[in-house]
Amino acid sequence: MTAKQVRELDRVVIRFAGDSGDGMQLTGDRFTAETASFGNDLSTLPNFPAEIRAPAGTLPGVSSFQLHFADHDILTPGDAPDVLVAMNPAALKANLPDVPKGAILIVDTAEFTPRALKKVGYATSPLDDGSLNSYQVHALDLTGMTMTALEPFGLSRKEASRSKNMFALGLLSWMYGRSIDGTVRFLQSKFATKADIRDANITAVKAGWNYGETTEDFAVSYEVKPAPMPSGRYRNITGNLALSYGLVAAAKQSGMPLFLGSYPITPASDILHEISKHKRFGVRTFQAEDEIAGVGAALGASFGGSLGVTTTSGPGVALKSETVGLAVSLELPLIIVDVQRGGPSTGLPTKTEQADLLQAMYGRNGEAPVPIIAPASPADCFDAALEAARIAVTYRTPVFLLSDGYLANGSEPWAIPDVESLPTIEPDFATEKNHGSGDDAEFWPYIRDPQTLARAWAVPGTAGLEHRIGGLEKADGSGNISYDPTNHDYMVRTRQAKVDGIEVPDLEVDDPSGDARLLVLGWGSTYGPIGAAVRRARSAGHAVAQAHLRYLNPLPANTGDVLRRYERVLLPEMNLGQLAMLLRARYLVDVIGHNQVRGLPFKAEELAEVIMKEDDQL
Amino acid sequence: MTATDLGMPGLAGVPTTDVAQNKKDFTSDQEVRWCPGCGDYAVLASVQGFLPELGLKRENIVFVSGIGCSSRFPYYMDTFGMHSIHGRAPAIATGLATSRPDLSVWVVTGDGDALSIGGNHLIHVLRRNVNMTILLFNNRIYGLTKGQYSPTSEQGKITKSTPMGSLDAPFNPVSLALGAEATFVARTIDSDRAHLTSVLRAAAAHRGTSLVEIYQNCNIFNDGAFEILKNRDTRDEVMIRLEHGEPVRFGANNEHGIRRNPATSGLEICSGDDPNVIVHDAQAADPSRAFALSRLADPGTLARTPIGIFRQVERPTYGDLVNEQVDQAVDNQGAGDLAALITGNDTWTVE
Ligand SMILES: Cc1ncc(C[n+]2csc(CCOP(=O)(O)OP(=O)(O)O)c2C)c(N)n1
Ligand code: SF4
Ligand SMILES: [Mg+2]
């Protein structure tokens with residue numbers, strides 16, 4: 001065996017692409033896990049069709065997984081792949097436009113039959129017609145080699161060819177010096193009960209690795225050193241998983257059992273799936289008949305003193321609005337998780353968007369303010385869930401947690417927090433009558449804490465504190481039905497004041513030079529792409545400030561000051577300018593939007609161009 | 001003594017009190033605002049009069065309602081209560097009852113609330129058999145919105161929204177509930193306090209969802225809707241009182257009976273002394289007989305309307321099963337360890 005050359009790189013973007021049935025998400029997940037345990041910083045972007053098995057070999061059926069890893073800290077899954085692994089002609093055709101010239105293409109030739117080529121509109125095979133001359137093409141019969149390696153197992157052709165993704169994983173693992181030990185362990189436990197499938201897959205991974213090691217086709221392998229990260233214990237985590245853990249943690253920190261009422265919807269269902277696995281935490285999950293029942297049951301559980309949560313995406317939020325309004329009126333804690341996807345209507349179920357902000361903010365009848373918190377990265381979903389619970393419980397209010405498809409399925413390394421350091425959440429249930437004295441003493445559910453304006457909350461089972469609440473307007477204090485005009489005016493303003501007064505940390509600005517005239521503002525999942533773009537602009541000599549809003553309602557107290565401090569404020573959003581509209585209305589600042597609704601996160605390079613152009617105008 | 005010892009498994013786990021209670025203890029200080037003469041008053045009085053009998057701690061009783069005249073009910077009960085939104089009370093009560101097995105949960109709803117806007121939640125709560133008692137006030141009209149026809153109104157009903165007569169066929173709530181896998185289904189009448197109370201007693205005792213349809217007079221928008229069943233001169237001829245284990249007979253002198261028609265397999269009227277008069281079995285596992293009984297009533301005139309308990313069978317409740325799974329998970333895997341959960345088994349350490 002010849003010792004091969006090893007070339008050092010500081011960062012790499014790899015995209016695995018194939019049919020939805022080719023196991024590209026699993027391949028990506030495994031490469032990610034190997035990369036994470038190697039110690040690189042990383043960020044991932046799965047991209048898959050809404051159809052479970054779109055017709056094989058077609059462009060709509062292509063599923064991909066992009067992974068960016070580096071020896072330094074990174075913020076996005078990368079704009080353009082340095083390596084594209086394409087398992088069929090459709091995957092090549094669908095992804096090639098994103099691949100810069102000079103990049104590496106690893107293509108499984110097995111599927112390049114005249115029929116398959118024709119299906120996606122290739123008149124001639126791109127592998128033969130010279131159209132890929134400006135790429136480094138490795139045209140390999142991955143399927144064939146997999147089948148050869150698996151011959152001893154006596155599997156059917158179909159079964160054997162299914163392991164081609166593991167062969168590809170093994171090859172890429174060799175190319176980038178990742179250990180496949182973790183993947184072998186993973187396969188051992190995943191297929192513990194199916195010995196032949198387990199052994200076939202393990203053999204395929206190893207065969208892929210050995211192929212890289214021995215073949216002449218790959219003269220070099222690459223090394224991306226571990227990234228320096230703060231010391232601690234890390235794991236890789238997706239947004240949906242972090243969010244699920246955050247909710248379980250919030251229940252523990254509040255001493256309130258978690259009740260999740262939910263109706264399946266992409267891309268939120270995985271939270272329901274995940275939490276359903278953790279009944280040993282005293283968690284109750286309820287798959288309801290529809291989203292209205294999901295949020296209704298959660299609110300009913302809240303009324304009984306549970307931490308009531310409902311998880312959904314935009315269309316589900318539309319159905320839940322009336323119940324969220326009831327929660328505003330009842331002043332009970334409730335967490336509504338909206339994992340946003342492309343809209344309107346069914347829209348783009350598996351793609352990301354930020355266009356539910358105004359729905360969360362205003363999508364209810366009457367003056368019905370609801371706090372909103374939006375995590376900035378996959379791992380941040382954990383903290384955001386705890387924060388949502390803190391606000392919901394402390395202030396007796398529904399809270400919107402606005403995640404999105406990119407955060408939900410994307411992943412990054414997470415410094416696992418010490419559970420002892422997690423904040424405690426104090427439900428502070430009422431146990432005593434709070435109005436009048438002696439024989440006349442009563443419990444009044446709408447007497448408020450003067451500081452937080454939170455109302456007194458007594459749960460069923462508390463002797464002597466029996467009371468009725470409902471969606472009709474309530475008299476201040478007693479909570480009895482009241483149609484009094486002055487009382488209604490007071491109650492509307494008080495509910496608003498309560499939300500406005502929620503304590504949230506100030507908006508922090510990152511302006512290293514202190515000379516910036518342009519502020520780039522963002523919220524939610526655009527944090528990574530904006531951060532990466534700002535870095536690019538800075539390294540190109542632009543003094544640019546960056547700030548990111550995690551709290552959308554109420555906004556941090558210093559938001560207006562921050563906005564007014566800069567000559568120009570640029571706000572990239574994956575919608576047509578929803579936060580920009582809120583900020584303009586609220587602060588009379590001429591916030592400039594940069595808007596895209598392509599179902600994909602912003603690309604750092606493009607965004608950097610926009611930022612530099614804005615800055616040049618100043 | 002616990003509620004289970006009293007033969008009331010529906011209330012198992014709900015704490016009881018030895019302190020004697022009376023109707024006043026269940027009467028809140030809120031002024032009742034139904035129209036004078038409304039049938040809702042009679043039901044309220046019956047419920048308030050009946051609850052002391054259960055000897056439950058008042059603070060462990062919750063009334064949840066939707067929207068409608070009848071749904072104002074919780075405000076008048078001195079228990080915990082929630083007046084929620086239109087049609088959603090069964091869903092809200094599902095979350096409450098499932099997470100708090102120590103509560104006695106009651107839902108109060110109307111024919112519009114339960115069968116129109118909330119129809120979906122109603123059938124699903126019945127199918128799941130969540131432990132609660134649903135009082136469905138059927139006045140065959142939308143009271144609160146001032147008299148539009150409802151999903152139980154007879155076809156051809158003239159209302160403000162149907163000046164030429166309503167066109168759609170009504171639901172029979174009992175048939176609907178039986179079709180939705182309900183384990184306890186009964187019908188009673190607002191003005192018949194003794195019958196209403198006996199049905200409430202059985203409903204409370206039942207573990208699972210008890211659906212009690214209460215024919216309730218709306219004297220403003222649908223006065224006399226059930227007159228034929230209430231009037232001394234007519235009721236014996238048209239109303240069939242179901243008693244478990246008793247022959248199904250009616251008429252002032254039990255001169256009519258119900259028997260099976262072998263040709264159609266349906267039920268038909270026969271003479272009271274016909275040897276084939278059926279004996280009512282509310283506990284039959286197969287709901288077909290109960291369903292056939294529910295179909296006897298004429299949806300227009302209400303002739304041949306059975307009242308009483310149609311079905312009363314045992315099936316595990318959703319809440320009990322949910323809580324069993326939680327206990328089982330703890331037994332099998334130990335109580336959850338948050339640090340272990342969030343750490344997972346694929347970690348690396350940076351020094
Ligand atoms: C979402 C919504 N739609 C409509 C209404 C108006 N509304 C209130 S009560 C009602 C019908 C009530 O009829 P029913 O349930 O039979 O109760 P009743 O008043 O007859 O007791 C309607 C349509 C509402 N409150 N909420
Ligand atoms: S409108 Fe009818 S149902 Fe409503 S309170 Fe008056 S009488 Fe009763
Ligand atoms: Mg009605």
# chains A, B, ... in the order shown; residues from 1 in each chain; ligands from 1
$ interface_residues --of "chain B" --to "chain A" --cutoff "6 Å" --atoms "only C-alpha atoms" --output "list in words"
Glu59, Asn60, Tyr75, Thr79, Phe80, Gly81, Met82, His83, Ser84, Ala91, Ile92, Ala93, Thr94, Gly95, Leu96, Ser99, Val326, Ala329, Val330, Ala335, Gly336, Ala339, Thr347, Trp348, Thr349, Val350 and Glu351 of chain B
$ write_last_selection --atoms "N, CA and C atoms" --output "PDB file, in the first residue's frame"
ATOM      1  N   GLU B  59     -63.189  21.011  46.179  1.00  0.00           N
ATOM      2  CA  GLU B  59     -62.062  21.571  45.419  1.00  0.00           C
ATOM      3  C   GLU B  59     -61.525  20.597  44.382  1.00  0.00           C
ATOM      4  N   ASN B  60     -61.980  19.366  44.445  1.00  0.00           N
ATOM      5  CA  ASN B  60     -61.528  18.383  43.450  1.00  0.00           C
ATOM      6  C   ASN B  60     -62.562  18.142  42.355  1.00  0.00           C
ATOM      7  N   TYR B  75     -70.249  28.894  36.084  1.00  0.00           N
ATOM      8  CA  TYR B  75     -70.214  30.099  36.922  1.00  0.00           C
ATOM      9  C   TYR B  75     -71.107  29.972  38.146  1.00  0.00           C
ATOM     10  N   THR B  79     -67.486  25.275  42.608  1.00  0.00           N
ATOM     11  CA  THR B  79     -66.392  24.317  42.460  1.00  0.00           C
ATOM     12  C   THR B  79     -65.340  25.034  41.613  1.00  0.00           C
ATOM     13  N   PHE B  80     -64.295  24.342  41.218  1.00  0.00           N
ATOM     14  CA  PHE B  80     -63.427  24.928  40.199  1.00  0.00           C
ATOM     15  C   PHE B  80     -64.172  24.863  38.868  1.00  0.00           C
ATOM     16  N   GLY B  81     -63.892  25.810  37.985  1.00  0.00           N
ATOM     17  CA  GLY B  81     -64.609  25.790  36.723  1.00  0.00           C
ATOM     18  C   GLY B  81     -63.927  26.594  35.637  1.00  0.00           C
ATOM     19  N   MET B  82     -64.207  26.195  34.407  1.00  0.00           N
ATOM     20  CA  MET B  82     -63.695  26.968  33.270  1.00  0.00           C
ATOM     21  C   MET B  82     -64.772  27.066  32.195  1.00  0.00           C
ATOM     22  N   HIS B  83     -65.093  28.303  31.843  1.00  0.00           N
ATOM     23  CA  HIS B  83     -66.000  28.595  30.736  1.00  0.00           C
ATOM     24  C   HIS B  83     -65.076  28.835  29.551  1.00  0.00           C
ATOM     25  N   SER B  84     -65.015  27.888  28.640  1.00  0.00           N
ATOM     26  CA  SER B  84     -63.938  27.978  27.640  1.00  0.00           C
ATOM     27  C   SER B  84     -64.421  28.580  26.330  1.00  0.00           C
ATOM     28  N   ALA B  91     -62.072  18.715  24.620  1.00  0.00           N
ATOM     29  CA  ALA B  91     -60.619  18.665  24.409  1.00  0.00           C
ATOM     30  C   ALA B  91     -59.896  19.205  25.640  1.00  0.00           C
ATOM     31  N   ILE B  92     -60.373  20.317  26.149  1.00  0.00           N
ATOM     32  CA  ILE B  92     -59.742  20.928  27.323  1.00  0.00           C
ATOM     33  C   ILE B  92     -59.854  19.978  28.513  1.00  0.00           C
ATOM     34  N   ALA B  93     -61.041  19.394  28.673  1.00  0.00           N
ATOM     35  CA  ALA B  93     -61.261  18.474  29.789  1.00  0.00           C
ATOM     36  C   ALA B  93     -60.408  17.216  29.643  1.00  0.00           C
ATOM     37  N   THR B  94     -60.093  16.842  28.414  1.00  0.00           N
ATOM     38  CA  THR B  94     -59.231  15.673  28.194  1.00  0.00           C
ATOM     39  C   THR B  94     -57.844  15.915  28.793  1.00  0.00           C
ATOM     40  N   GLY B  95     -57.303  17.106  28.548  1.00  0.00           N
ATOM     41  CA  GLY B  95     -55.985  17.422  29.122  1.00  0.00           C
ATOM     42  C   GLY B  95     -56.044  17.469  30.639  1.00  0.00           C
ATOM     43  N   LEU B  96     -57.122  18.026  31.151  1.00  0.00           N
ATOM     44  CA  LEU B  96     -57.243  18.156  32.604  1.00  0.00           C
ATOM     45  C   LEU B  96     -57.431  16.791  33.260  1.00  0.00           C
ATOM     46  N   SER B  99     -54.271  14.568  33.083  1.00  0.00           N
ATOM     47  CA  SER B  99     -53.128  14.970  33.903  1.00  0.00           C
ATOM     48  C   SER B  99     -53.481  15.017  35.388  1.00  0.00           C
ATOM     49  N   VAL B 326     -46.850   5.807  32.040  1.00  0.00           N
ATOM     50  CA  VAL B 326     -45.854   6.603  32.768  1.00  0.00           C
ATOM     51  C   VAL B 326     -45.263   5.755  33.902  1.00  0.00           C
ATOM     52  N   ALA B 329     -43.029   3.058  32.532  1.00  0.00           N
ATOM     53  CA  ALA B 329     -41.733   3.573  32.074  1.00  0.00           C
ATOM     54  C   ALA B 329     -40.811   3.774  33.267  1.00  0.00           C
ATOM     55  N   VAL B 330     -41.366   4.303  34.352  1.00  0.00           N
ATOM     56  CA  VAL B 330     -40.550   4.519  35.556  1.00  0.00           C
ATOM     57  C   VAL B 330     -40.119   3.170  36.134  1.00  0.00           C
ATOM     58  N   ALA B 335     -36.760   6.358  37.252  1.00  0.00           N
ATOM     59  CA  ALA B 335     -37.207   7.737  37.037  1.00  0.00           C
ATOM     60  C   ALA B 335     -36.198   8.449  36.151  1.00  0.00           C
ATOM     61  N   GLY B 336     -36.679   9.387  35.360  1.00  0.00           N
ATOM     62  CA  GLY B 336     -35.829  10.071  34.396  1.00  0.00           C
ATOM     63  C   GLY B 336     -34.653  10.791  35.044  1.00  0.00           C
ATOM     64  N   ALA B 339     -29.707  14.785  33.400  1.00  0.00           N
ATOM     65  CA  ALA B 339     -28.318  14.909  32.931  1.00  0.00           C
ATOM     66  C   ALA B 339     -28.000  13.795  31.931  1.00  0.00           C
ATOM     67  N   THR B 347     -20.731  11.619  22.849  1.00  0.00           N
ATOM     68  CA  THR B 347     -20.171  12.904  23.284  1.00  0.00           C
ATOM     69  C   THR B 347     -18.669  12.932  23.069  1.00  0.00           C
ATOM     70  N   TRP B 348     -18.085  14.120  23.129  1.00  0.00           N
ATOM     71  CA  TRP B 348     -16.634  14.238  23.142  1.00  0.00           C
ATOM     72  C   TRP B 348     -16.265  15.376  24.069  1.00  0.00           C
ATOM     73  N   THR B 349     -15.055  15.330  24.520  1.00  0.00           N
ATOM     74  CA  THR B 349     -14.647  16.301  25.526  1.00  0.00           C
ATOM     75  C   THR B 349     -13.529  17.165  24.976  1.00  0.00           C
ATOM     76  N   VAL B 350     -13.659  18.450  25.181  1.00  0.00           N
ATOM     77  CA  VAL B 350     -12.604  19.385  24.800  1.00  0.00           C
ATOM     78  C   VAL B 350     -11.930  19.822  26.088  1.00  0.00           C
ATOM     79  N   GLU B 351     -10.618  19.592  26.149  1.00  0.00           N
ATOM     80  CA  GLU B 351      -9.892  19.919  27.401  1.00  0.00           C
ATOM     81  C   GLU B 351      -9.673  21.414  27.492  1.00  0.00           C
TER      82      GLU B 351
END
$ residues_near_ligand --ligand "ligand 1" --cutoff "6 Å" --atoms "only C-alpha atoms and all ligand atoms" --output "JSON, numbers by chain"
{"B": [67, 68, 69, 70, 86, 110, 111, 112, 113, 139, 141, 142, 143, 144, 145]}
$ write_last_selection --atoms "C-alpha atoms" --output "mmCIF file, in the first residue's frame"
data_model
loop_
_atom_site.group_PDB
_atom_site.id
_atom_site.type_symbol
_atom_site.label_atom_id
_atom_site.label_comp_id
_atom_site.auth_asym_id
_atom_site.auth_seq_id
_atom_site.Cartn_x
_atom_site.Cartn_y
_atom_site.Cartn_z
ATOM 1 C CA ILE B 67 -70.083 28.481 24.750
ATOM 2 C CA GLY B 68 -73.850 28.769 24.707
ATOM 3 C CA CYS B 69 -76.550 29.519 27.235
ATOM 4 C CA SER B 70 -76.024 26.166 28.906
ATOM 5 C CA HIS B 86 -67.166 27.165 21.545
ATOM 6 C CA GLY B 110 -75.113 22.449 24.221
ATOM 7 C CA ASP B 111 -76.374 20.780 21.067
ATOM 8 C CA GLY B 112 -74.600 23.355 18.914
ATOM 9 C CA ASP B 113 -71.486 23.375 21.066
ATOM 10 C CA ASN B 139 -82.726 22.255 23.333
ATOM 11 C CA ILE B 141 -81.797 25.248 18.957
ATOM 12 C CA TYR B 142 -78.974 27.794 19.257
ATOM 13 C CA GLY B 143 -80.103 29.700 22.307
ATOM 14 C CA LEU B 144 -77.306 32.159 22.929
ATOM 15 C CA THR B 145 -77.160 33.420 19.365
#
$ residues_around --residues "segment 184-186 of chain B" --least-positions-apart "3" --cutoff "7 Å" --atoms "only C-alpha atoms" --output "PyMOL selection string"
chain B and resi 174+177+209-213+308-313
$ write_last_selection --atoms "C-alpha atoms" --output "compact mmCIF listing (two decimals), in the first residue's frame"
# COMPACT_ATOMS: atom_id res chain seq x y z
CA VAL B 174 -77.44 9.00 21.41
CA ALA B 177 -72.35 8.58 20.75
CA THR B 209 -66.75 9.15 29.37
CA SER B 210 -70.40 9.32 30.36
CA LEU B 211 -72.56 11.11 27.85
CA VAL B 212 -75.85 12.34 29.25
CA GLU B 213 -78.18 13.94 26.79
CA GLY B 308 -82.69 6.20 30.49
CA ILE B 309 -79.36 4.47 30.17
CA PHE B 310 -78.80 2.97 26.73
CA ARG B 311 -75.35 1.63 27.33
CA GLN B 312 -73.07 1.19 30.30
CA VAL B 313 -70.02 -0.96 29.68
$ residues_near_ligand --ligand "ligand 2" --cutoff "8 Å" --atoms "only C-alpha atoms and all ligand atoms" --output "list in words"
Arg33, Trp34, Cys35, Pro36, Gly37, Cys38, Gly39, Asp40, Gly68, Cys69, Ser70, Asn139, Tyr142, Gly143, Leu144, Lys146, Gly147, Gln216, Asn217, Cys218, Asn219, Ile220, Phe221 and Asn222 of chain B
$ write_last_selection --atoms "C-alpha atoms" --output "mmCIF file, in the first residue's frame"
data_model
loop_
_atom_site.group_PDB
_atom_site.id
_atom_site.type_symbol
_atom_site.label_atom_id
_atom_site.label_comp_id
_atom_site.auth_asym_id
_atom_site.auth_seq_id
_atom_site.Cartn_x
_atom_site.Cartn_y
_atom_site.Cartn_z
ATOM 1 C CA ARG B 33 -78.729 34.874 34.199
ATOM 2 C CA TRP B 34 -80.761 32.460 32.162
ATOM 3 C CA CYS B 35 -84.182 33.568 30.918
ATOM 4 C CA PRO B 36 -86.918 33.006 33.450
ATOM 5 C CA GLY B 37 -88.456 29.608 32.765
ATOM 6 C CA CYS B 38 -85.409 28.207 31.001
ATOM 7 C CA GLY B 39 -84.909 24.479 31.462
ATOM 8 C CA ASP B 40 -81.314 25.118 32.477
ATOM 9 C CA GLY B 68 -73.850 28.769 24.707
ATOM 10 C CA CYS B 69 -76.550 29.519 27.235
ATOM 11 C CA SER B 70 -76.024 26.166 28.906
ATOM 12 C CA ASN B 139 -82.726 22.255 23.333
ATOM 13 C CA TYR B 142 -78.974 27.794 19.257
ATOM 14 C CA GLY B 143 -80.103 29.700 22.307
ATOM 15 C CA LEU B 144 -77.306 32.159 22.929
ATOM 16 C CA LYS B 146 -80.893 33.949 19.440
ATOM 17 C CA GLY B 147 -82.546 31.061 17.815
ATOM 18 C CA GLN B 216 -83.858 20.971 27.825
ATOM 19 C CA ASN B 217 -86.575 23.432 27.072
ATOM 20 C CA CYS B 218 -85.594 26.794 25.623
ATOM 21 C CA ASN B 219 -88.760 28.655 26.329
ATOM 22 C CA ILE B 220 -87.660 31.658 24.310
ATOM 23 C CA PHE B 221 -86.576 30.176 20.984
ATOM 24 C CA ASN B 222 -87.901 26.631 20.932
#
$ select_by_dssp --residues "segment 36-269 of chain B" --states "alpha helix (DSSP H)" --output "ChimeraX atom specification"
/B:39-50,89-99,111-112,119-128,173-179,193-205,227-230,235-238
$ residues_around --residues "Pro55 of chain A" --least-positions-apart "2" --cutoff "12 Å" --atoms "only C-alpha atoms" --output "PDB file with N, CA, C and O atoms, in the first residue's frame"
ATOM      1  N   ASP A  19     -31.577   9.681  -4.162  1.00  0.00           N
ATOM      2  CA  ASP A  19     -33.025   9.519  -4.126  1.00  0.00           C
ATOM      3  C   ASP A  19     -33.500   9.569  -2.682  1.00  0.00           C
ATOM      4  O   ASP A  19     -32.735   9.238  -1.779  1.00  0.00           O
ATOM      5  N   SER A  20     -34.788   9.898  -2.478  1.00  0.00           N
ATOM      6  CA  SER A  20     -35.264   9.913  -1.089  1.00  0.00           C
ATOM      7  C   SER A  20     -35.118   8.539  -0.445  1.00  0.00           C
ATOM      8  O   SER A  20     -35.043   8.430   0.759  1.00  0.00           O
ATOM      9  N   GLY A  21     -35.083   7.492  -1.270  1.00  0.00           N
ATOM     10  CA  GLY A  21     -34.949   6.154  -0.699  1.00  0.00           C
ATOM     11  C   GLY A  21     -33.504   5.708  -0.511  1.00  0.00           C
ATOM     12  O   GLY A  21     -33.256   4.593  -0.054  1.00  0.00           O
ATOM     13  N   PRO A  49     -37.527  16.197   0.171  1.00  0.00           N
ATOM     14  CA  PRO A  49     -38.854  16.494  -0.367  1.00  0.00           C
ATOM     15  C   PRO A  49     -39.947  16.166   0.645  1.00  0.00           C
ATOM     16  O   PRO A  49     -39.728  15.417   1.584  1.00  0.00           O
ATOM     17  N   GLU A  51     -42.639  14.576  -0.102  1.00  0.00           N
ATOM     18  CA  GLU A  51     -43.145  13.240  -0.385  1.00  0.00           C
ATOM     19  C   GLU A  51     -42.222  12.216   0.259  1.00  0.00           C
ATOM     20  O   GLU A  51     -41.007  12.392   0.266  1.00  0.00           O
ATOM     21  N   ILE A  52     -42.795  11.146   0.795  1.00  0.00           N
ATOM     22  CA  ILE A  52     -41.979  10.163   1.501  1.00  0.00           C
ATOM     23  C   ILE A  52     -41.084   9.423   0.517  1.00  0.00           C
ATOM     24  O   ILE A  52     -39.897   9.242   0.739  1.00  0.00           O
ATOM     25  N   ARG A  53     -41.666   8.970  -0.570  1.00  0.00           N
ATOM     26  CA  ARG A  53     -40.881   8.312  -1.617  1.00  0.00           C
ATOM     27  C   ARG A  53     -41.361   8.867  -2.952  1.00  0.00           C
ATOM     28  O   ARG A  53     -42.167   8.237  -3.624  1.00  0.00           O
ATOM     29  N   GLY A  57     -35.568   8.357  -8.968  1.00  0.00           N
ATOM     30  CA  GLY A  57     -34.788   8.861 -10.080  1.00  0.00           C
ATOM     31  C   GLY A  57     -35.267  10.180 -10.657  1.00  0.00           C
ATOM     32  O   GLY A  57     -34.765  10.618 -11.677  1.00  0.00           O
ATOM     33  N   THR A  58     -36.233  10.827 -10.006  1.00  0.00           N
ATOM     34  CA  THR A  58     -36.726  12.098 -10.534  1.00  0.00           C
ATOM     35  C   THR A  58     -36.138  13.266  -9.748  1.00  0.00           C
ATOM     36  O   THR A  58     -35.683  13.098  -8.615  1.00  0.00           O
ATOM     37  N   LEU A  59     -36.186  14.444 -10.363  1.00  0.00           N
ATOM     38  CA  LEU A  59     -35.648  15.626  -9.681  1.00  0.00           C
ATOM     39  C   LEU A  59     -36.405  15.927  -8.384  1.00  0.00           C
ATOM     40  O   LEU A  59     -35.781  16.219  -7.364  1.00  0.00           O
ATOM     41  N   PRO A  60     -37.758  15.841  -8.383  1.00  0.00           N
ATOM     42  CA  PRO A  60     -38.459  16.137  -7.125  1.00  0.00           C
ATOM     43  C   PRO A  60     -38.149  15.127  -6.022  1.00  0.00           C
ATOM     44  O   PRO A  60     -38.378  15.402  -4.858  1.00  0.00           O
ATOM     45  N   GLY A  61     -37.639  13.960  -6.406  1.00  0.00           N
ATOM     46  CA  GLY A  61     -37.371  12.935  -5.405  1.00  0.00           C
ATOM     47  C   GLY A  61     -35.998  13.051  -4.753  1.00  0.00           C
ATOM     48  O   GLY A  61     -35.643  12.241  -3.908  1.00  0.00           O
ATOM     49  N   VAL A  62     -35.230  14.075  -5.137  1.00  0.00           N
ATOM     50  CA  VAL A  62     -33.862  14.160  -4.630  1.00  0.00           C
ATOM     51  C   VAL A  62     -33.839  14.650  -3.183  1.00  0.00           C
ATOM     52  O   VAL A  62     -34.512  15.600  -2.821  1.00  0.00           O
ATOM     53  N   SER A  63     -33.067  13.975  -2.382  1.00  0.00           N
ATOM     54  CA  SER A  63     -32.907  14.302  -0.970  1.00  0.00           C
ATOM     55  C   SER A  63     -31.429  14.567  -0.735  1.00  0.00           C
ATOM     56  O   SER A  63     -30.584  13.854  -1.287  1.00  0.00           O
ATOM     57  N   ALA A  90     -30.342  12.234 -11.246  1.00  0.00           N
ATOM     58  CA  ALA A  90     -31.220  13.286 -10.723  1.00  0.00           C
ATOM     59  C   ALA A  90     -30.503  14.091  -9.655  1.00  0.00           C
ATOM     60  O   ALA A  90     -30.573  15.321  -9.610  1.00  0.00           O
ATOM     61  N   ALA A 116     -32.492   6.330 -17.050  1.00  0.00           N
ATOM     62  CA  ALA A 116     -32.421   7.233 -15.908  1.00  0.00           C
ATOM     63  C   ALA A 116     -31.988   8.628 -16.349  1.00  0.00           C
ATOM     64  O   ALA A 116     -32.456   9.639 -15.822  1.00  0.00           O
ATOM     65  N   LYS A 119     -34.899  10.389 -17.964  1.00  0.00           N
ATOM     66  CA  LYS A 119     -35.911  10.763 -16.984  1.00  0.00           C
ATOM     67  C   LYS A 119     -35.697  12.181 -16.451  1.00  0.00           C
ATOM     68  O   LYS A 119     -36.644  12.885 -16.103  1.00  0.00           O
ATOM     69  N   VAL A 120     -34.421  12.581 -16.341  1.00  0.00           N
ATOM     70  CA  VAL A 120     -34.155  13.916 -15.800  1.00  0.00           C
ATOM     71  C   VAL A 120     -33.725  14.887 -16.902  1.00  0.00           C
ATOM     72  O   VAL A 120     -33.268  15.987 -16.626  1.00  0.00           O
TER      73      VAL A 120
END
$ residues_around --residues "Leu178 of chain B" --least-positions-apart "2" --cutoff "9 Å" --atoms "only C-alpha atoms" --output "list in words"
Leu126, Pro173, Val174, Ser175, Leu176, Ala180, Glu181, Ala182, Thr183, Phe184, Val185, Pro287, Ser288, Ala290, Phe291, Ser294, Phe310 and Arg311 of chain B
$ select_by_dssp --residues "segment 260-291 of chain A" --states "strand (DSSP E or B)" --output "number ranges by chain"
A: 260-262, 284-287
$ residues_around --residues "Arg493 of chain A" --least-positions-apart "5" --cutoff "12 Å" --atoms "only C-alpha atoms" --output "list in words"
Gly366, Glu367, Ala368, Pro369, Leu453, Asp476, Thr486, Asn487, His488, Lys498, Val499, Asp500 and Gly501 of chain A
$ atom_distance --atom1 "atom CA of Leu307 of chain A" --atom2 "atom CA of Val322 of chain B"
16.5 Å
$ closest_residue --among "B:Arg249, B:Arg140, B:Arg315, B:His244" --to "ligand 3" --atoms "only C-alpha atoms and all ligand atoms"
B:Arg140
$ atom_distance --atom1 "atom CA of Thr559 of chain A" --atom2 "atom CA of Thr238 of chain A"
29.5 Å
$ atom_distance --atom1 "atom CA of Gly531 of chain A" --atom2 "atom CA of Leu75 of chain A"
6.7 Å
